[in-house]
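Trainee: Attaching a single structure in structure tokens format; questions to follow.
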Amino acid sequence: MRHVLSVLVENEPGVLSRVVGLFSGRGFNIETLNVGPTLEDGISLMTITTAGDEQIIEQIIKQLRKLVTVVKVVDLTHLQSVEREMVLIKVNAEDERRAEVLRIADIFRCKVVDVSGNDLTLEITGDQGKIRAIVNLLQRFGIKEFARTGTVAMRRSMQME
Amino acid sequence: MERTGAQILLECLRQEGVDSIFGFPGGAVIDIYHHLPDYPSLRHFLVRHEQGAIHAADGYARATGQVGVCLVTSGPGATNTVTGIATAYMDSIPVVIITGQVPTPLIGNDAFQEVDIVGISRPCVKHNYLVKDVKDLAWIVKQAFYLARTGRPGPVLVDLPKDVLQAKTLFEYPESISMRSYNPNLAPNRRQVRKATELLRRSQRPLVYSGGGVISSDAAEELTWLCRNLRIPVTSTLMGLGAFPGDDPLWLGMLGMHGTYAANMAVGHTDLLLAVGARFDDRVTGKISSFAPAAQVVHIDVDPTSIRKNVNVDVPIVADCRLALRGIREELEICPDLPDWNTVHQPWLDQLAEWQRNHPVRYTYADEPIKPQFVVEKIYELTKGEAIITTEVGQNQMWAAQFSRFHRPRTFLTSGGLGTMGYGFPAAIGAQVAFPDRLVIDIAGDGSIQMNIQEMATAVSYNIPVKIVILNNGYLGMVRQWQELFYARNYCATCMHLNPDFVKLAEAYGAAGFRVTKAADVERVLKEAFAVPGPAIVDVVVEPEENVYPMVPAGAALTDMLLV
Ligand SMILES: Cc1ncc(C[n+]2csc(CCOP(=O)(O)OP(=O)(O)O)c2C)c(N)n1
Ligand SMILES: [Mg+2]
């Protein structure tokens, strides 16, 4: 099962390789990884999506907590959370197909962030499902370039049963 | 007064109570060596290879429970310690490794003798640091020692660029440490302790499976109290030997691949396995799905990652072993209606005694060639468990574990997790430095001893009177045993053609050398060697194709043992 982990770390050189090295060294897999500074001095937030059965996820979380530079680990999977990823897609959009691409972009509330004679670059934000859907739809036009940020996620303030 | 980084480092070591440093100099650490004579309480032992330094620091740590210290230069000095760091890491041994590094402006330039030792060692240290500013040095050293010895202990490496060693600042050693990201949980959860106690009360066939954690947390006394009072039989891992007295009737011997018949059968039949400071390693469990099939499992360990890593646990207790065992004791003491342990456990103890009687660890005596097991028995007879025994790796290690008995913690030092050939001799040097008046013996193989034999020069030059007893079978015996049993006797690359003459080798270094070829002479020669005031090698020519039994083939169930 897929899990989204929020990992607060001391922002110091090498912390990323400690985390990544833990995953590769122990044969855990990382699907996406996003890192950035938080508002608190010296602390960064990593959002890691990974997959495995319950026992493996438990090990991953415990092993992460064991790293001296890791301050806190939260598994967002069983909490209500907001999950987003941003993707930039450069898609073929020659004359007669341009309108169709724009229509899809509109339906998905994408932003057009760059235009040329032959292609459009779209910015899409959403969860994994939405991103998969639009990629599916745009594939037949020909996707020229594709860049994604990896998931970022946050626990919702209200946790319903 | 301002001091240089090198002086600050040494001052920190002094304040941490360090008395012995095992090291080897080089360009990047000359500054440290330059000031070392100003700190007479820090005794430095110059080894002959950095692997010797790290294993000696490890042996010192295992024998004393204090943090061992190793000091080496950058580049090759640092990489030479990696095997020893991994050895300490696998067995959770507190050591601090100080490595020199090229000056900070050169880092990343492939400078002379530059390696990224922080990167290289990352997967086999508890933590490591690259010090970039001399102002950070004191608190980093303080943290390094704190991390190394607390929680689940382990090696911590501090990498020191040469310009940091030369830079000056005001020295102040921090009084205390607070780390927001490191707070090992030591006290047991009361509810879990109660659950464990309840299971103990109801069990008919309990078994204690203890490991190295009992020794590192100084829990041997609590463990012994519990087992003796509740009449619970005890087995342990290789790392746990010595935590429970080896002459107690409740002692079953080691379990696992070369465990005793009784211990492995006990695991197969127990209804309550109390695992204390052990980690269910594959050499212990055999086929995991048939491990302790009838048992509920209580697992005490200070490291949460150990719990449920390999087996499911009914009652996990994340805590220091000593505090957890004391918790159980306190719980028992307020329990109103305790069973009569003697009556309840007697059928189980009778069964175990029968297994022990029918299948003790054994071998067939011969005068010539000598049986290696006989040599180990003799060593035990002569030392009565009072010596500190280290081992190399292979058959020698297993026979040392099977045919000696250990009565006290920290008397058996061996590379369990990594299985590092070449560990035993430098580790013995470290232990002997800590305990100059005790008898320290490395039970060695002819293959392993050659991996760090250069340390004989260290032993001789400081008159560290370690005794090496080589069980010389002319083979990489343990590998040969696998080839014999599982690879159609294809002894490829395991015969040690042209071993050196170990007696002459000892003498060349200025140590004493002895050779024995007949069982009848073993006792006399051992006595003679043990009486030598300096280091000595006893080369015992043993049966070349003797095997270690019982043996659980890799991947088989513990109860499927090959017996003699
Ligand atoms: C550094 C290292 N290399 C290889 C091995 C694999 N190995 C395990 S036991 C063994 C044989 C050791 O031979 P010896 O020291 O003569 O001991 P014996 O088994 O003959 O008692 C070897 C090669 C190891 N454990 N460590
Ligand atoms: Mg051998």
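Identifiers in the structure tokens: chain A, B, ... in order shown; residue index from 1 per chain; ligand index from 1 in order shown.
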Residues within 7 Å of ligand 1 (only C-alpha atoms and all ligand atoms), as a list in words?
Mentor: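 Final answer, ordered by chain and number: Glu392, Val393, Gly394, Gln395, Asn396, Gln397, Gly419, Thr420, Met421, Gly422, Ala444, Gly445, Asp446, Gly447, Ser448, Ile449, Leu471, Asn472, Asn473, Gly474, Tyr475, Leu476, Gly477, Met478 and Val479 of chain B.
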Trainee: Emit the selected residues as an mmCIF file, in the first residue's frame, including N, CA, C and O atoms.
Mentor:
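Result file follows (result-v2.cif):
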data_model
loop_
_atom_site.group_PDB
_atom_site.id
_atom_site.type_symbol
_atom_site.label_atom_id
_atom_site.label_comp_id
_atom_site.auth_asym_id
_atom_site.auth_seq_id
_atom_site.Cartn_x
_atom_site.Cartn_y
_atom_site.Cartn_z
ATOM 1 N N GLU B 392 38.723 -15.107 16.871
ATOM 2 C CA GLU B 392 38.679 -14.717 15.467
ATOM 3 C C GLU B 392 37.335 -15.212 14.927
ATOM 4 O O GLU B 392 36.385 -15.319 15.696
ATOM 5 N N VAL B 393 37.259 -15.503 13.647
ATOM 6 C CA VAL B 393 35.964 -15.902 13.094
ATOM 7 C C VAL B 393 36.105 -17.231 12.373
ATOM 8 O O VAL B 393 37.123 -17.495 11.722
ATOM 9 N N GLY B 394 35.087 -18.058 12.501
ATOM 10 C CA GLY B 394 35.089 -19.355 11.849
ATOM 11 C C GLY B 394 34.856 -20.449 12.871
ATOM 12 O O GLY B 394 34.196 -20.234 13.893
ATOM 13 N N GLN B 395 35.423 -21.606 12.618
ATOM 14 C CA GLN B 395 35.237 -22.720 13.538
ATOM 15 C C GLN B 395 35.801 -22.403 14.905
ATOM 16 O O GLN B 395 35.211 -22.727 15.936
ATOM 17 N N ASN B 396 36.984 -21.729 14.920
ATOM 18 C CA ASN B 396 37.610 -21.379 16.195
ATOM 19 C C ASN B 396 36.642 -20.617 17.093
ATOM 20 O O ASN B 396 36.562 -20.844 18.300
ATOM 21 N N GLN B 397 35.881 -19.722 16.485
ATOM 22 C CA GLN B 397 34.932 -18.878 17.214
ATOM 23 C C GLN B 397 33.796 -19.723 17.799
ATOM 24 O O GLN B 397 33.401 -19.560 18.964
ATOM 25 N N GLY B 419 31.061 -10.737 11.715
ATOM 26 C CA GLY B 419 31.924 -11.914 11.530
ATOM 27 C C GLY B 419 33.240 -11.536 10.890
ATOM 28 O O GLY B 419 33.615 -12.045 9.849
ATOM 29 N N THR B 420 33.963 -10.637 11.551
ATOM 30 C CA THR B 420 35.173 -10.082 10.967
ATOM 31 C C THR B 420 36.405 -10.893 11.331
ATOM 32 O O THR B 420 36.863 -10.864 12.482
ATOM 33 N N MET B 421 36.956 -11.628 10.371
ATOM 34 C CA MET B 421 38.247 -12.285 10.598
ATOM 35 C C MET B 421 39.280 -11.202 10.874
ATOM 36 O O MET B 421 39.275 -10.152 10.230
ATOM 37 N N GLY B 422 40.150 -11.448 11.822
ATOM 38 C CA GLY B 422 41.150 -10.442 12.156
ATOM 39 C C GLY B 422 40.726 -9.558 13.305
ATOM 40 O O GLY B 422 41.465 -8.665 13.717
ATOM 41 N N ALA B 444 42.175 -18.340 18.179
ATOM 42 C CA ALA B 444 42.308 -17.906 16.791
ATOM 43 C C ALA B 444 42.293 -19.072 15.816
ATOM 44 O O ALA B 444 42.471 -20.233 16.195
ATOM 45 N N GLY B 445 42.070 -18.720 14.548
ATOM 46 C CA GLY B 445 42.246 -19.677 13.461
ATOM 47 C C GLY B 445 43.506 -19.305 12.698
ATOM 48 O O GLY B 445 43.972 -18.159 12.777
ATOM 49 N N ASP B 446 44.047 -20.265 11.970
ATOM 50 C CA ASP B 446 45.282 -19.988 11.234
ATOM 51 C C ASP B 446 45.042 -18.991 10.098
ATOM 52 O O ASP B 446 45.935 -18.247 9.715
ATOM 53 N N GLY B 447 43.821 -18.965 9.580
ATOM 54 C CA GLY B 447 43.509 -17.992 8.530
ATOM 55 C C GLY B 447 43.344 -16.596 9.114
ATOM 56 O O GLY B 447 44.021 -15.636 8.726
ATOM 57 N N SER B 448 42.451 -16.479 10.085
ATOM 58 C CA SER B 448 42.112 -15.159 10.638
ATOM 59 C C SER B 448 43.300 -14.439 11.249
ATOM 60 O O SER B 448 43.430 -13.216 11.126
ATOM 61 N N ILE B 449 44.146 -15.193 11.931
ATOM 62 C CA ILE B 449 45.215 -14.528 12.683
ATOM 63 C C ILE B 449 46.130 -13.761 11.735
ATOM 64 O O ILE B 449 46.737 -12.757 12.109
ATOM 65 N N LEU B 471 44.136 -22.392 16.686
ATOM 66 C CA LEU B 471 43.654 -23.739 16.386
ATOM 67 C C LEU B 471 43.983 -23.955 14.912
ATOM 68 O O LEU B 471 43.203 -23.637 14.026
ATOM 69 N N ASN B 472 45.191 -24.473 14.684
ATOM 70 C CA ASN B 472 45.734 -24.490 13.330
ATOM 71 C C ASN B 472 45.320 -25.756 12.586
ATOM 72 O O ASN B 472 45.927 -26.805 12.733
ATOM 73 N N ASN B 473 44.263 -25.609 11.774
ATOM 74 C CA ASN B 473 43.779 -26.757 11.009
ATOM 75 C C ASN B 473 44.224 -26.686 9.550
ATOM 76 O O ASN B 473 43.837 -27.508 8.717
ATOM 77 N N GLY B 474 45.017 -25.655 9.212
ATOM 78 C CA GLY B 474 45.515 -25.559 7.840
ATOM 79 C C GLY B 474 44.438 -25.244 6.820
ATOM 80 O O GLY B 474 44.665 -25.334 5.612
ATOM 81 N N TYR B 475 43.276 -24.858 7.312
ATOM 82 C CA TYR B 475 42.164 -24.535 6.409
ATOM 83 C C TYR B 475 41.467 -23.262 6.863
ATOM 84 O O TYR B 475 41.502 -22.911 8.048
ATOM 85 N N LEU B 476 40.792 -22.640 5.925
ATOM 86 C CA LEU B 476 39.733 -21.708 6.278
ATOM 87 C C LEU B 476 38.575 -22.616 6.654
ATOM 88 O O LEU B 476 37.681 -22.918 5.868
ATOM 89 N N GLY B 477 38.662 -23.104 7.882
ATOM 90 C CA GLY B 477 37.925 -24.295 8.271
ATOM 91 C C GLY B 477 36.417 -24.178 8.120
ATOM 92 O O GLY B 477 35.755 -25.120 7.694
ATOM 93 N N MET B 478 35.869 -23.038 8.500
ATOM 94 C CA MET B 478 34.414 -22.940 8.455
ATOM 95 C C MET B 478 33.909 -22.973 7.018
ATOM 96 O O MET B 478 32.869 -23.567 6.730
ATOM 97 N N VAL B 479 34.653 -22.352 6.130
ATOM 98 C CA VAL B 479 34.241 -22.380 4.720
ATOM 99 C C VAL B 479 34.423 -23.806 4.181
ATOM 100 O O VAL B 479 33.567 -24.330 3.466
#
Trainee: Residues of region 39-98 of chain A in helix (DSSP H, G or I) according to DSSP, as a PyMOL selection string?
Mentor: chain A and resi 54-66+95-98
Trainee: Deliver the residues from the most recent selection as a file, using N, CA, C and O atoms, as a PDB file, in the first residue's frame.
Mentor:
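The new file again04.pdb reads:
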ATOM      1  N   GLU A  54       2.340  -3.480   5.850  1.00  0.00           N
ATOM      2  CA  GLU A  54       2.342  -2.771   7.137  1.00  0.00           C
ATOM      3  C   GLU A  54       3.671  -2.934   7.874  1.00  0.00           C
ATOM      4  O   GLU A  54       4.188  -1.999   8.459  1.00  0.00           O
ATOM      5  N   GLN A  55       4.219  -4.145   7.805  1.00  0.00           N
ATOM      6  CA  GLN A  55       5.446  -4.422   8.549  1.00  0.00           C
ATOM      7  C   GLN A  55       6.606  -3.589   7.983  1.00  0.00           C
ATOM      8  O   GLN A  55       7.419  -3.041   8.731  1.00  0.00           O
ATOM      9  N   ILE A  56       6.652  -3.474   6.660  1.00  0.00           N
ATOM     10  CA  ILE A  56       7.724  -2.688   6.040  1.00  0.00           C
ATOM     11  C   ILE A  56       7.568  -1.205   6.355  1.00  0.00           C
ATOM     12  O   ILE A  56       8.535  -0.527   6.705  1.00  0.00           O
ATOM     13  N   ILE A  57       6.324  -0.726   6.270  1.00  0.00           N
ATOM     14  CA  ILE A  57       6.107   0.696   6.569  1.00  0.00           C
ATOM     15  C   ILE A  57       6.488   0.987   8.024  1.00  0.00           C
ATOM     16  O   ILE A  57       7.126   2.000   8.327  1.00  0.00           O
ATOM     17  N   GLU A  58       6.150   0.071   8.915  1.00  0.00           N
ATOM     18  CA  GLU A  58       6.514   0.251  10.327  1.00  0.00           C
ATOM     19  C   GLU A  58       8.040   0.349  10.458  1.00  0.00           C
ATOM     20  O   GLU A  58       8.559   1.215  11.169  1.00  0.00           O
ATOM     21  N   GLN A  59       8.760  -0.529   9.762  1.00  0.00           N
ATOM     22  CA  GLN A  59      10.223  -0.481   9.787  1.00  0.00           C
ATOM     23  C   GLN A  59      10.733   0.840   9.230  1.00  0.00           C
ATOM     24  O   GLN A  59      11.638   1.450   9.794  1.00  0.00           O
ATOM     25  N   ILE A  60      10.160   1.269   8.092  1.00  0.00           N
ATOM     26  CA  ILE A  60      10.621   2.518   7.482  1.00  0.00           C
ATOM     27  C   ILE A  60      10.480   3.665   8.479  1.00  0.00           C
ATOM     28  O   ILE A  60      11.407   4.457   8.682  1.00  0.00           O
ATOM     29  N   ILE A  61       9.328   3.724   9.122  1.00  0.00           N
ATOM     30  CA  ILE A  61       9.082   4.834  10.047  1.00  0.00           C
ATOM     31  C   ILE A  61      10.039   4.757  11.239  1.00  0.00           C
ATOM     32  O   ILE A  61      10.660   5.755  11.632  1.00  0.00           O
ATOM     33  N   LYS A  62      10.200   3.551  11.781  1.00  0.00           N
ATOM     34  CA  LYS A  62      11.108   3.405  12.927  1.00  0.00           C
ATOM     35  C   LYS A  62      12.547   3.719  12.540  1.00  0.00           C
ATOM     36  O   LYS A  62      13.281   4.360  13.292  1.00  0.00           O
ATOM     37  N   GLN A  63      12.951   3.253  11.369  1.00  0.00           N
ATOM     38  CA  GLN A  63      14.323   3.507  10.931  1.00  0.00           C
ATOM     39  C   GLN A  63      14.533   5.005  10.707  1.00  0.00           C
ATOM     40  O   GLN A  63      15.601   5.536  11.027  1.00  0.00           O
ATOM     41  N   LEU A  64      13.535   5.672  10.153  1.00  0.00           N
ATOM     42  CA  LEU A  64      13.662   7.122   9.959  1.00  0.00           C
ATOM     43  C   LEU A  64      13.803   7.815  11.311  1.00  0.00           C
ATOM     44  O   LEU A  64      14.657   8.680  11.500  1.00  0.00           O
ATOM     45  N   ARG A  65      12.962   7.409  12.271  1.00  0.00           N
ATOM     46  CA  ARG A  65      13.013   8.044  13.597  1.00  0.00           C
ATOM     47  C   ARG A  65      14.353   7.820  14.260  1.00  0.00           C
ATOM     48  O   ARG A  65      14.804   8.615  15.075  1.00  0.00           O
ATOM     49  N   LYS A  66      14.995   6.711  13.914  1.00  0.00           N
ATOM     50  CA  LYS A  66      16.270   6.379  14.538  1.00  0.00           C
ATOM     51  C   LYS A  66      17.400   7.281  14.039  1.00  0.00           C
ATOM     52  O   LYS A  66      18.401   7.456  14.724  1.00  0.00           O
ATOM     53  N   ASP A  95      -1.603  23.573 -34.807  1.00  0.00           N
ATOM     54  CA  ASP A  95      -2.788  24.386 -35.122  1.00  0.00           C
ATOM     55  C   ASP A  95      -4.146  23.748 -34.813  1.00  0.00           C
ATOM     56  O   ASP A  95      -4.874  24.200 -33.948  1.00  0.00           O
ATOM     57  N   GLU A  96      -4.439  22.652 -35.518  1.00  0.00           N
ATOM     58  CA  GLU A  96      -5.823  22.143 -35.427  1.00  0.00           C
ATOM     59  C   GLU A  96      -6.101  21.464 -34.069  1.00  0.00           C
ATOM     60  O   GLU A  96      -7.234  21.307 -33.681  1.00  0.00           O
ATOM     61  N   ARG A  97      -5.028  21.084 -33.309  1.00  0.00           N
ATOM     62  CA  ARG A  97      -5.244  20.376 -32.047  1.00  0.00           C
ATOM     63  C   ARG A  97      -5.158  21.320 -30.838  1.00  0.00           C
ATOM     64  O   ARG A  97      -5.495  20.940 -29.719  1.00  0.00           O
ATOM     65  N   ARG A  98      -4.723  22.527 -31.112  1.00  0.00           N
ATOM     66  CA  ARG A  98      -4.504  23.465 -30.008  1.00  0.00           C
ATOM     67  C   ARG A  98      -5.775  23.701 -29.181  1.00  0.00           C
ATOM     68  O   ARG A  98      -5.754  23.677 -27.952  1.00  0.00           O
TER      69      ARG A  98
END
Trainee: CA of Phe171 (chain B) to CA of Gly154 (chain B): how many Å, to one decimal?
Mentor: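 Atom-to-atom, CA of Phe171 (chain B) to CA of Gly154 (chain B), that is 27.0 Å.
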Trainee: Hey, what's within 10 Å of Val375 (chain B) if we count only C-alpha atoms and toss same-chain stuff fewer than 5 positions away? As a list of chain:residue names, please?
Mentor: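 These residues fall inside the cut-off: B:Ile370, B:Tyr380, B:Glu381, B:Trp399, B:Ala400, B:Phe403, B:Ser404, B:Ile443, B:Val469, B:Ile470, B:Leu471, B:Ala519, B:Val522, B:Glu523, B:Leu526, B:Val540, B:Val542.
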Trainee: Any idea what the distance is between CA of Val115 (chain A) and CA of Gly150 (chain A)?
Mentor: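 According to the coordinates, CA of Val115 (chain A) and CA of Gly150 (chain A) are separated by 24.2 Å.
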Trainee: Write down, as a ChimeraX atom specification, each residue of chain A that has any atom within 6 Å of an atom of chain B, counting only C-alpha atoms.
Mentor: /A:62,68,70-71
Trainee: Run DSSP on the backbone of this structure and report the residues of region 424-537 of chain B it assigns to strand (DSSP E), as an MDAnalysis selection string.
Mentor: chainID B and resid 440:445 467:472 512:516 536:537
